$ cat input_14.cif   # mmCIF, C-alpha atoms and all ligand atoms
data_run
#
loop_
_atom_site.label_atom_id
_atom_site.label_comp_id
_atom_site.auth_asym_id
_atom_site.auth_seq_id
_atom_site.Cartn_x
_atom_site.Cartn_y
_atom_site.Cartn_z
CA MET C 1 -83.14 216.71 -99.63
CA ALA C 2 -83.23 220.39 -100.55
CA SER C 3 -86.36 221.09 -102.53
CA ARG C 4 -86.59 223.69 -105.21
CA ILE C 5 -90.28 224.14 -104.56
CA THR C 6 -90.98 227.00 -102.18
CA LYS C 7 -94.57 227.97 -102.83
CA ALA C 8 -97.74 226.58 -101.33
CA VAL C 9 -101.20 227.59 -102.48
CA ILE C 10 -104.09 227.19 -100.04
CA PRO C 11 -107.60 227.69 -101.43
CA ALA C 12 -109.70 229.21 -98.64
CA ALA C 13 -112.61 230.92 -100.34
CA GLY C 14 -115.31 228.38 -99.49
CA LEU C 15 -118.47 229.60 -97.79
CA GLY C 16 -118.50 226.92 -95.10
CA THR C 17 -122.24 226.39 -95.40
CA ARG C 18 -122.00 223.00 -93.70
CA PHE C 19 -121.09 224.76 -90.47
CA LEU C 20 -123.76 227.46 -90.39
CA PRO C 21 -124.47 229.38 -88.23
CA ALA C 22 -120.89 229.10 -86.86
CA THR C 23 -119.58 230.35 -90.19
CA LYS C 24 -122.04 233.19 -90.60
CA ALA C 25 -119.49 235.81 -89.56
CA MET C 26 -116.33 233.69 -89.36
CA PRO C 27 -114.46 231.77 -92.05
CA LYS C 28 -114.64 227.99 -91.70
CA GLU C 29 -110.85 227.84 -91.85
CA MET C 30 -110.79 229.59 -88.45
CA LEU C 31 -112.82 226.89 -86.68
CA PRO C 32 -110.64 225.63 -83.83
CA VAL C 33 -109.34 222.09 -83.97
CA VAL C 34 -108.49 221.66 -80.27
CA ASP C 35 -106.83 225.05 -79.77
CA LYS C 36 -105.57 226.03 -83.21
CA PRO C 37 -107.59 227.17 -86.20
CA ALA C 38 -107.78 224.46 -88.86
CA ILE C 39 -105.85 226.63 -91.31
CA GLN C 40 -102.82 226.83 -89.03
CA TYR C 41 -102.30 223.05 -89.18
CA VAL C 42 -102.19 223.31 -92.95
CA VAL C 43 -99.72 226.20 -92.97
CA GLU C 44 -97.55 224.35 -90.44
CA GLU C 45 -97.54 221.31 -92.71
CA ALA C 46 -96.44 223.40 -95.69
CA VAL C 47 -93.67 225.02 -93.65
CA ALA C 48 -92.50 221.64 -92.32
CA ALA C 49 -92.03 220.54 -95.95
CA GLY C 50 -89.96 223.65 -96.67
CA LEU C 51 -92.68 225.75 -98.27
CA THR C 52 -92.52 229.09 -96.50
CA ASP C 53 -94.10 231.17 -99.26
CA VAL C 54 -97.82 230.67 -98.77
CA LEU C 55 -100.52 232.08 -101.00
CA MET C 56 -104.08 231.92 -99.74
CA ILE C 57 -106.96 232.23 -102.15
CA THR C 58 -109.62 233.96 -100.11
CA GLY C 59 -112.96 235.65 -100.62
CA ARG C 60 -115.58 237.60 -98.74
CA ASN C 61 -115.58 237.60 -94.93
CA LYS C 62 -112.07 236.20 -94.67
CA SER C 63 -110.44 239.03 -92.74
CA ALA C 64 -110.16 236.91 -89.55
CA LEU C 65 -107.97 234.56 -91.55
CA GLU C 66 -105.65 237.37 -92.60
CA ASN C 67 -105.57 238.78 -89.06
CA HIS C 68 -104.56 235.41 -87.65
CA PHE C 69 -101.21 235.50 -89.41
CA ASP C 70 -100.53 239.17 -88.53
CA ARG C 71 -98.95 240.70 -85.44
CA VAL C 72 -101.35 241.78 -82.68
CA GLY C 73 -99.30 244.44 -80.87
CA GLU C 74 -101.79 245.04 -78.08
CA LEU C 75 -102.16 241.36 -77.21
CA GLU C 76 -98.41 240.80 -77.35
CA ALA C 77 -97.78 243.76 -75.04
CA THR C 78 -100.36 242.51 -72.53
CA LEU C 79 -98.90 239.00 -72.43
CA GLU C 80 -95.41 240.45 -72.12
CA ARG C 81 -96.46 242.67 -69.23
CA LYS C 82 -97.94 239.67 -67.47
CA GLY C 83 -94.79 237.65 -68.10
CA ASP C 84 -96.90 234.98 -69.85
CA THR C 85 -94.12 233.84 -72.15
CA GLU C 86 -95.77 230.53 -73.03
CA ARG C 87 -98.86 232.14 -74.55
CA LEU C 88 -96.76 234.92 -76.06
CA GLN C 89 -94.72 232.28 -77.86
CA LYS C 90 -97.88 230.65 -79.20
CA VAL C 91 -99.12 233.99 -80.50
CA ASN C 92 -95.79 234.88 -82.10
CA TYR C 93 -95.42 231.41 -83.56
CA SER C 94 -98.44 231.78 -85.82
CA THR C 95 -97.26 235.24 -86.89
CA ASP C 96 -93.74 234.20 -87.80
CA LEU C 97 -94.67 230.87 -89.34
CA ALA C 98 -94.58 231.77 -93.01
CA ASP C 99 -94.59 234.56 -95.52
CA VAL C 100 -98.34 234.64 -96.19
CA HIS C 101 -99.83 236.35 -99.24
CA TYR C 102 -103.46 236.71 -100.24
CA VAL C 103 -105.38 236.93 -103.45
CA ARG C 104 -109.15 236.90 -103.68
CA GLN C 105 -111.01 234.47 -105.86
CA GLY C 106 -113.58 237.12 -106.77
CA ASP C 107 -116.08 234.69 -108.15
CA PRO C 108 -116.41 231.23 -106.55
CA LYS C 109 -116.24 229.12 -109.70
CA GLY C 110 -114.65 226.01 -108.22
CA LEU C 111 -111.36 224.59 -107.00
CA GLY C 112 -109.76 224.69 -110.45
CA HIS C 113 -110.66 228.35 -110.77
CA ALA C 114 -109.23 229.07 -107.29
CA VAL C 115 -105.92 227.44 -108.23
CA LEU C 116 -105.82 229.42 -111.46
CA ARG C 117 -105.92 232.61 -109.36
CA ALA C 118 -102.44 231.65 -108.08
CA ARG C 119 -100.90 231.91 -111.54
CA MET C 120 -99.33 235.39 -111.17
CA HIS C 121 -97.84 234.60 -107.79
CA VAL C 122 -96.53 231.15 -108.66
CA GLY C 123 -95.07 231.98 -112.05
CA ASN C 124 -93.27 229.30 -113.98
CA GLU C 125 -92.27 226.87 -111.27
CA PRO C 126 -93.71 223.77 -109.61
CA PHE C 127 -95.84 224.45 -106.55
CA ALA C 128 -97.96 222.70 -103.95
CA VAL C 129 -101.69 222.98 -103.31
CA LEU C 130 -103.05 222.15 -99.86
CA LEU C 131 -106.77 221.98 -99.16
CA GLY C 132 -107.79 223.18 -95.73
CA ASP C 133 -110.39 220.50 -95.01
CA ASP C 134 -107.72 217.80 -94.77
CA ILE C 135 -105.31 217.74 -91.86
CA ILE C 136 -102.34 215.39 -92.13
CA ASP C 137 -100.86 214.24 -88.83
CA ALA C 138 -97.58 216.08 -88.29
CA ARG C 139 -95.94 212.79 -87.25
CA ASP C 140 -96.56 211.23 -90.68
CA ILE C 141 -94.75 212.20 -93.86
CA LEU C 142 -96.66 213.09 -96.98
CA LEU C 143 -95.91 216.46 -98.56
CA SER C 144 -92.12 216.17 -98.50
CA ARG C 145 -92.40 212.73 -100.13
CA MET C 146 -94.66 214.20 -102.83
CA ILE C 147 -92.14 216.99 -103.47
CA GLU C 148 -89.40 214.39 -103.82
CA VAL C 149 -91.45 212.31 -106.28
CA GLN C 150 -92.32 215.45 -108.27
CA ALA C 151 -88.62 216.27 -108.66
CA GLU C 152 -87.61 212.69 -109.53
CA ARG C 153 -90.29 212.24 -112.16
CA ASN C 154 -90.66 215.85 -113.30
CA ALA C 155 -94.40 215.31 -113.27
CA ASN C 156 -97.51 216.20 -111.29
CA VAL C 157 -98.19 214.42 -108.03
CA VAL C 158 -101.38 213.99 -106.00
CA ALA C 159 -101.92 212.35 -102.62
CA LEU C 160 -104.10 209.24 -102.69
CA LEU C 161 -105.83 207.45 -99.85
CA GLU C 162 -107.66 204.13 -99.91
CA VAL C 163 -111.24 204.87 -98.93
CA ASP C 164 -114.36 202.84 -98.28
CA PRO C 165 -116.05 202.43 -101.71
CA ALA C 166 -119.25 203.73 -100.08
CA VAL C 167 -117.75 207.22 -99.80
CA ALA C 168 -115.93 207.30 -103.17
CA GLN C 169 -118.55 209.67 -104.58
CA MET C 170 -117.24 212.42 -102.29
CA TYR C 171 -113.78 212.45 -103.87
CA GLY C 172 -111.75 212.63 -107.03
CA ILE C 173 -111.01 208.96 -107.82
CA ALA C 174 -107.96 207.64 -109.67
CA THR C 175 -107.33 204.72 -112.01
CA VAL C 176 -103.73 203.66 -111.50
CA GLU C 177 -100.87 201.42 -112.55
CA ARG C 178 -98.03 200.27 -110.33
CA THR C 179 -94.53 201.71 -110.48
CA ASP C 180 -91.22 200.43 -109.10
CA ASP C 181 -91.80 202.50 -105.97
CA ASP C 182 -94.03 200.84 -103.43
CA ASP C 183 -95.81 204.04 -102.44
CA VAL C 184 -96.04 205.59 -105.91
CA VAL C 185 -98.59 204.81 -108.64
CA CYS C 186 -98.93 206.14 -112.16
CA ILE C 187 -102.36 207.69 -112.71
CA THR C 188 -104.01 206.78 -115.99
CA GLY C 189 -107.39 208.38 -115.32
CA LEU C 190 -109.23 210.61 -112.88
CA VAL C 191 -112.89 211.26 -112.29
CA GLU C 192 -114.37 213.88 -109.98
CA LYS C 193 -117.00 212.56 -107.58
CA PRO C 194 -118.20 209.52 -109.59
CA ALA C 195 -121.87 208.53 -109.23
CA PRO C 196 -122.41 205.92 -106.49
CA GLY C 197 -121.30 202.48 -107.61
CA THR C 198 -119.34 203.71 -110.62
CA ALA C 199 -115.96 204.57 -109.03
CA PRO C 200 -113.08 202.98 -111.01
CA SER C 201 -111.13 202.28 -107.78
CA ASN C 202 -111.10 203.09 -104.09
CA LEU C 203 -108.09 205.42 -104.38
CA ALA C 204 -109.28 208.91 -103.53
CA ILE C 205 -107.45 212.19 -103.94
CA ILE C 206 -106.92 213.83 -100.59
CA GLY C 207 -106.22 217.53 -100.61
CA ARG C 208 -102.50 217.61 -101.42
CA TYR C 209 -101.09 218.27 -104.87
CA VAL C 210 -97.61 219.12 -106.21
CA LEU C 211 -98.08 220.52 -109.68
CA ARG C 212 -96.13 221.73 -112.65
CA PRO C 213 -97.02 225.24 -113.84
CA GLU C 214 -98.41 223.86 -117.13
CA ILE C 215 -101.56 223.13 -115.11
CA PHE C 216 -102.46 226.83 -115.43
CA ASP C 217 -102.76 226.66 -119.23
CA VAL C 218 -104.87 223.54 -118.90
CA LEU C 219 -107.10 225.17 -116.26
CA GLU C 220 -107.68 228.14 -118.58
CA GLU C 221 -109.20 225.70 -121.08
CA THR C 222 -111.05 223.47 -118.60
CA PRO C 223 -114.83 223.82 -118.96
CA PRO C 224 -117.10 223.67 -115.90
CA GLY C 225 -117.53 220.07 -114.77
CA LYS C 226 -119.19 218.45 -111.75
CA GLY C 227 -121.55 220.89 -110.02
CA GLY C 228 -121.01 223.44 -112.79
CA GLU C 229 -117.60 224.27 -111.30
CA ILE C 230 -114.13 224.33 -112.86
CA GLN C 231 -112.60 221.21 -111.36
CA LEU C 232 -108.91 220.72 -110.62
CA THR C 233 -109.49 216.98 -111.09
CA ASP C 234 -110.61 217.57 -114.70
CA ALA C 235 -107.43 219.53 -115.49
CA LEU C 236 -105.36 216.74 -113.94
CA GLN C 237 -107.24 214.20 -116.03
CA ALA C 238 -106.11 216.12 -119.13
CA LEU C 239 -102.50 215.95 -117.88
CA ALA C 240 -102.83 212.22 -117.13
CA ALA C 241 -104.23 211.57 -120.61
CA ASP C 242 -101.35 213.32 -122.38
CA GLU C 243 -97.96 212.89 -120.80
CA SER C 244 -96.38 215.23 -123.32
CA ILE C 245 -98.03 218.26 -121.69
CA ALA C 246 -96.37 218.02 -118.26
CA GLY C 247 -94.95 214.54 -117.63
CA GLY C 248 -98.21 212.90 -116.55
CA VAL C 249 -99.67 212.48 -113.07
CA TYR C 250 -98.44 210.23 -110.25
CA GLY C 251 -100.02 209.39 -106.93
CA VAL C 252 -98.29 208.99 -103.59
CA VAL C 253 -100.38 206.53 -101.60
CA PHE C 254 -100.65 207.83 -98.07
CA ARG C 255 -100.90 205.31 -95.28
CA GLY C 256 -100.67 207.68 -92.33
CA ARG C 257 -103.17 209.57 -90.22
CA ARG C 258 -105.45 212.03 -91.95
CA TYR C 259 -108.26 213.99 -90.37
CA ASP C 260 -111.14 215.46 -92.28
CA THR C 261 -112.59 218.70 -90.93
CA GLY C 262 -114.90 219.27 -93.88
CA ASP C 263 -118.18 218.26 -92.31
CA ARG C 264 -119.52 218.34 -88.80
CA LEU C 265 -119.19 214.67 -87.89
CA ASP C 266 -115.65 214.34 -89.24
CA TYR C 267 -114.72 217.61 -87.56
CA ILE C 268 -115.79 216.28 -84.16
CA LYS C 269 -113.86 213.04 -84.79
CA ALA C 270 -110.76 215.04 -85.78
CA ILE C 271 -110.82 217.03 -82.56
CA VAL C 272 -111.15 213.91 -80.40
CA GLN C 273 -108.45 212.02 -82.32
CA LEU C 274 -105.98 214.87 -82.07
CA ALA C 275 -106.77 215.70 -78.45
CA VAL C 276 -106.34 212.14 -77.09
CA ASP C 277 -102.78 212.12 -78.41
CA ARG C 278 -101.86 215.52 -77.00
CA GLU C 279 -99.44 215.57 -74.09
CA ASP C 280 -101.28 218.36 -72.32
CA LEU C 281 -104.82 217.02 -72.81
CA GLY C 282 -104.66 213.28 -73.54
CA GLU C 283 -104.11 212.24 -69.96
CA GLY C 284 -107.30 213.93 -68.85
CA LEU C 285 -109.35 213.11 -71.91
CA ARG C 286 -108.64 209.38 -72.35
CA PRO C 287 -110.09 208.07 -69.04
CA TRP C 288 -113.06 210.41 -69.35
CA LEU C 289 -113.73 209.24 -72.89
CA ARG C 290 -113.58 205.56 -71.89
CA ASP C 291 -116.00 206.19 -69.06
CA PHE C 292 -118.31 208.22 -71.27
CA VAL C 293 -118.40 205.53 -73.96
CA SER C 294 -118.97 202.68 -71.51
CA LYS C 295 -121.92 204.52 -69.96
CA MET C 296 -123.30 205.21 -73.40
CA GLU C 297 -123.27 201.51 -74.22
C1 LIG C 301 -111.99 218.43 -103.49
C2 LIG C 301 -111.58 217.83 -104.85
C3 LIG C 301 -111.68 216.30 -104.80
C4 LIG C 301 -110.85 215.78 -103.66
C5 LIG C 301 -111.28 216.43 -102.34
C6 LIG C 301 -110.33 216.04 -101.21
O1 LIG C 301 -113.37 218.20 -103.30
O2 LIG C 301 -112.42 218.36 -105.86
O3 LIG C 301 -111.21 215.77 -106.01
O4 LIG C 301 -110.97 214.37 -103.58
O5 LIG C 301 -111.25 217.86 -102.43
O6 LIG C 301 -110.75 216.53 -99.97
P1 LIG C 301 -114.21 218.96 -102.15
O7 LIG C 301 -114.04 218.15 -100.91
O8 LIG C 301 -113.66 220.33 -102.03
O9 LIG C 301 -115.62 218.94 -102.63
#

$ encode --input "input_14.cif" --output "structure tokens" --more "lines below"
Ligand code: G1P
Amino acid sequence: MASRITKAVIPAAGLGTRFLPATKAMPKEMLPVVDKPAIQYVVEEAVAAGLTDVLMITGRNKSALENHFDRVGELEATLERKGDTERLQKVNYSTDLADVHYVRQGDPKGLGHAVLRARMHVGNEPFAVLLGDDIIDARDILLSRMIEVQAERNANVVALLEVDPAVAQMYGIATVERTDDDDVVCITGLVEKPAPGTAPSNLAIIGRYVLRPEIFDVLEETPPGKGGEIQLTDALQALAADESIAGGVYGVVFRGRRYDTGDRLDYIKAIVQLAVDREDLGEGLRPWLRDFVSKME
């Protein structure tokens, strides 16, 4: 189905403090997941769903991120001279992937504030937001389904994942009602990072959103919430509470593979999970991993 959404917004202004000192001089989005920076998976996912106009919301010390999506003439010439077409293709692939634009957040006042910085670029059309800490397996469909649901319902759509109640306090959590579609729920309430034991469900927002532009007006009026930051979840709660603003909020319940690269333990798990399935690495990694684990036990 041809989508009329073409723009993806990727907030990438975070300081990456959980990965210090690795992120002292390098943005966390550039940390390699196997052999690609985390951010490239996210851009590839947007492109695969037809979103080739990518706006990154960046901040200080993010030049490596911008360089990654630019041409590197010297490197290309060297690889060409050596006849290393395979690596040359990999280098060119990341350059030609999408039409990448940048705007700086200026003041890190939260995810909602970062998304608001996209207003000028996005204009008056629906758009997607992809958070860099979540990687969705390229073999599983999520974003294109969300775009479809957005168009059908002319509403706002978030991705939901069933999580262990013990970790609900790390996410935006939704209260939902069923719809006629098996994988779609109507969201009646949202709370950002509920205190332990108070989560209204185990359906957590994972970092994918397809939003109507009315969200910008709501974000302008959204006061600082959890952690003193302007929260996207709070603006979505306002849209869920009053359908007349922008058609309400729906959730697409994702049942595929999602990898979290947001903290160190999950990052290590993500690398192992992705590498064991890779054609070029899995064969060598799997037997080694089995052996390693059995010796550990
Ligand atoms: C953000 C959102 C949260 C969402 C999460 C998904 O939190 O505020 O609602 O559940 O992303 O990864 P963060 O992880 O940036 O603290």

$ residues_near_ligand --input "input_14.cif" --ligand "ligand LIG 301 (chain C)" --cutoff "7 Å" --atoms "all atoms listed in the file" --output "JSON list (two decimals) with C-alpha atoms, in the frame of the given file"
[["chain", "number", "residue", "atom", "x", "y", "z"],
["C", 111, "LEU", "CA", -111.36, 224.59, -107.00],
["C", 131, "LEU", "CA", -106.77, 221.98, -99.16],
["C", 133, "ASP", "CA", -110.39, 220.50, -95.01],
["C", 134, "ASP", "CA", -107.72, 217.80, -94.77],
["C", 170, "MET", "CA", -117.24, 212.42, -102.29],
["C", 171, "TYR", "CA", -113.78, 212.45, -103.87],
["C", 172, "GLY", "CA", -111.75, 212.63, -107.03],
["C", 173, "ILE", "CA", -111.01, 208.96, -107.82],
["C", 192, "GLU", "CA", -114.37, 213.88, -109.98],
["C", 193, "LYS", "CA", -117.00, 212.56, -107.58],
["C", 204, "ALA", "CA", -109.28, 208.91, -103.53],
["C", 205, "ILE", "CA", -107.45, 212.19, -103.94],
["C", 206, "ILE", "CA", -106.92, 213.83, -100.59],
["C", 207, "GLY", "CA", -106.22, 217.53, -100.61],
["C", 231, "GLN", "CA", -112.60, 221.21, -111.36],
["C", 232, "LEU", "CA", -108.91, 220.72, -110.62],
["C", 233, "THR", "CA", -109.49, 216.98, -111.09]]

$ atom_distance --input "input_14.cif" --atom1 "CA of Ile141 (chain C)" --atom2 "CA of Ala49 (chain C)"
9.0 Å

$ axis_aligned_box --input "input_14.cif" --around "region 56-63 of chain C" --padding-each-side "4 Å" --output "AutoDock Vina command-line options"
--center_x -109.8 --center_y 235.5 --center_z -97.4 --size_x 19.5 --size_y 15.1 --size_z 17.4

$ residues_near_point --input "input_14.cif" --point "(-106.7, 227.8, -114.7)" --cutoff "6 Å" --atoms "only C-alpha atoms" --output "VMD selection string"
chain C and resid 113 116 216 219 to 220

$ residues_around --input "input_14.cif" --residues "region 265-281 of chain C" --least-positions-apart "3" --cutoff "12 Å" --atoms "all atoms listed in the file" --output "JSON, numbers by chain"
{"C": [18, 19, 28, 29, 31, 32, 33, 34, 35, 36, 37, 38, 41, 133, 134, 135, 136, 137, 138, 139, 257, 258, 259, 260, 261, 262, 284, 285, 286, 287, 288, 289, 290]}

$ closest_residue --input "input_14.cif" --among "C:Arg117, C:Glu74, C:Thr52, C:Leu79" --to "Pro11 (chain C)" --atoms "all atoms listed in the file"
C:Arg117

$ residues_around --input "input_14.cif" --residues "Ala159 (chain C)" --least-positions-apart "2" --cutoff "7 Å" --atoms "only C-alpha atoms" --output "PyMOL selection string"
chain C and resi 157+161+205-206+208-209+251-254

$ write_last_selection --input "input_14.cif" --atoms "C-alpha atoms" --output "short mmCIF file (atom, residue, chain, number, x, y, z; two decimals), in the frame of the given file"
data_model
loop_
_atom_site.label_atom_id
_atom_site.label_comp_id
_atom_site.auth_asym_id
_atom_site.auth_seq_id
_atom_site.Cartn_x
_atom_site.Cartn_y
_atom_site.Cartn_z
CA VAL C 157 -98.19 214.42 -108.03
CA LEU C 161 -105.83 207.45 -99.85
CA ILE C 205 -107.45 212.19 -103.94
CA ILE C 206 -106.92 213.83 -100.59
CA ARG C 208 -102.50 217.61 -101.42
CA TYR C 209 -101.09 218.27 -104.87
CA GLY C 251 -100.02 209.39 -106.93
CA VAL C 252 -98.29 208.99 -103.59
CA VAL C 253 -100.38 206.53 -101.60
CA PHE C 254 -100.65 207.83 -98.07
#

$ closest_residue --input "input_14.cif" --among "C:Asp70, C:Lys82, C:Ile10, C:Val191" --to "Ala118 (chain C)" --atoms "only C-alpha atoms"
C:Ile10

$ atom_distance --input "input_14.cif" --atom1 "CA of Asp183 (chain C)" --atom2 "CA of Ala128 (chain C)"
18.8 Å

$ closest_residue --input "input_14.cif" --among "C:Glu283, C:Glu86, C:Asp53, C:Glu148" --to "Tyr102 (chain C)" --atoms "all atoms listed in the file"
C:Asp53

$ build_atoms --input "input_14.cif" --residues "region 149-162 of chain C" --atoms "N, CA and C atoms" --output "PDB file, keeping the file's coordinate frame"
ATOM      1  N   VAL C 149     -90.985 213.066-105.115  1.00  0.00           N
ATOM      2  CA  VAL C 149     -91.450 212.310-106.280  1.00  0.00           C
ATOM      3  C   VAL C 149     -91.642 213.266-107.472  1.00  0.00           C
ATOM      4  N   GLN C 150     -92.138 214.463-107.188  1.00  0.00           N
ATOM      5  CA  GLN C 150     -92.320 215.450-108.270  1.00  0.00           C
ATOM      6  C   GLN C 150     -90.979 215.742-108.938  1.00  0.00           C
ATOM      7  N   ALA C 151     -89.946 215.932-108.118  1.00  0.00           N
ATOM      8  CA  ALA C 151     -88.620 216.270-108.660  1.00  0.00           C
ATOM      9  C   ALA C 151     -88.028 215.089-109.427  1.00  0.00           C
ATOM     10  N   GLU C 152     -88.165 213.894-108.875  1.00  0.00           N
ATOM     11  CA  GLU C 152     -87.610 212.690-109.530  1.00  0.00           C
ATOM     12  C   GLU C 152     -88.253 212.437-110.890  1.00  0.00           C
ATOM     13  N   ARG C 153     -89.565 212.611-110.948  1.00  0.00           N
ATOM     14  CA  ARG C 153     -90.290 212.240-112.160  1.00  0.00           C
ATOM     15  C   ARG C 153     -90.629 213.416-113.056  1.00  0.00           C
ATOM     16  N   ASN C 154     -90.344 214.620-112.566  1.00  0.00           N
ATOM     17  CA  ASN C 154     -90.660 215.850-113.300  1.00  0.00           C
ATOM     18  C   ASN C 154     -92.095 215.812-113.825  1.00  0.00           C
ATOM     19  N   ALA C 155     -93.001 215.481-112.896  1.00  0.00           N
ATOM     20  CA  ALA C 155     -94.400 215.310-113.270  1.00  0.00           C
ATOM     21  C   ALA C 155     -95.286 216.010-112.255  1.00  0.00           C
ATOM     22  N   ASN C 156     -96.565 215.682-112.277  1.00  0.00           N
ATOM     23  CA  ASN C 156     -97.510 216.200-111.290  1.00  0.00           C
ATOM     24  C   ASN C 156     -97.816 215.077-110.299  1.00  0.00           C
ATOM     25  N   VAL C 157     -98.006 215.445-109.055  1.00  0.00           N
ATOM     26  CA  VAL C 157     -98.190 214.420-108.030  1.00  0.00           C
ATOM     27  C   VAL C 157     -99.406 214.773-107.168  1.00  0.00           C
ATOM     28  N   VAL C 158    -100.262 213.775-106.922  1.00  0.00           N
ATOM     29  CA  VAL C 158    -101.380 213.990-106.000  1.00  0.00           C
ATOM     30  C   VAL C 158    -101.265 212.975-104.862  1.00  0.00           C
ATOM     31  N   ALA C 159    -101.885 213.295-103.733  1.00  0.00           N
ATOM     32  CA  ALA C 159    -101.920 212.350-102.620  1.00  0.00           C
ATOM     33  C   ALA C 159    -103.152 211.478-102.751  1.00  0.00           C
ATOM     34  N   LEU C 160    -102.979 210.175-102.600  1.00  0.00           N
ATOM     35  CA  LEU C 160    -104.100 209.240-102.690  1.00  0.00           C
ATOM     36  C   LEU C 160    -104.275 208.496-101.366  1.00  0.00           C
ATOM     37  N   LEU C 161    -105.518 208.203-101.067  1.00  0.00           N
ATOM     38  CA  LEU C 161    -105.830 207.450 -99.850  1.00  0.00           C
ATOM     39  C   LEU C 161    -106.849 206.381-100.213  1.00  0.00           C
ATOM     40  N   GLU C 162    -106.654 205.171 -99.684  1.00  0.00           N
ATOM     41  CA  GLU C 162    -107.660 204.130 -99.910  1.00  0.00           C
ATOM     42  C   GLU C 162    -108.874 204.444 -99.060  1.00  0.00           C
TER      43      GLU C 162
END
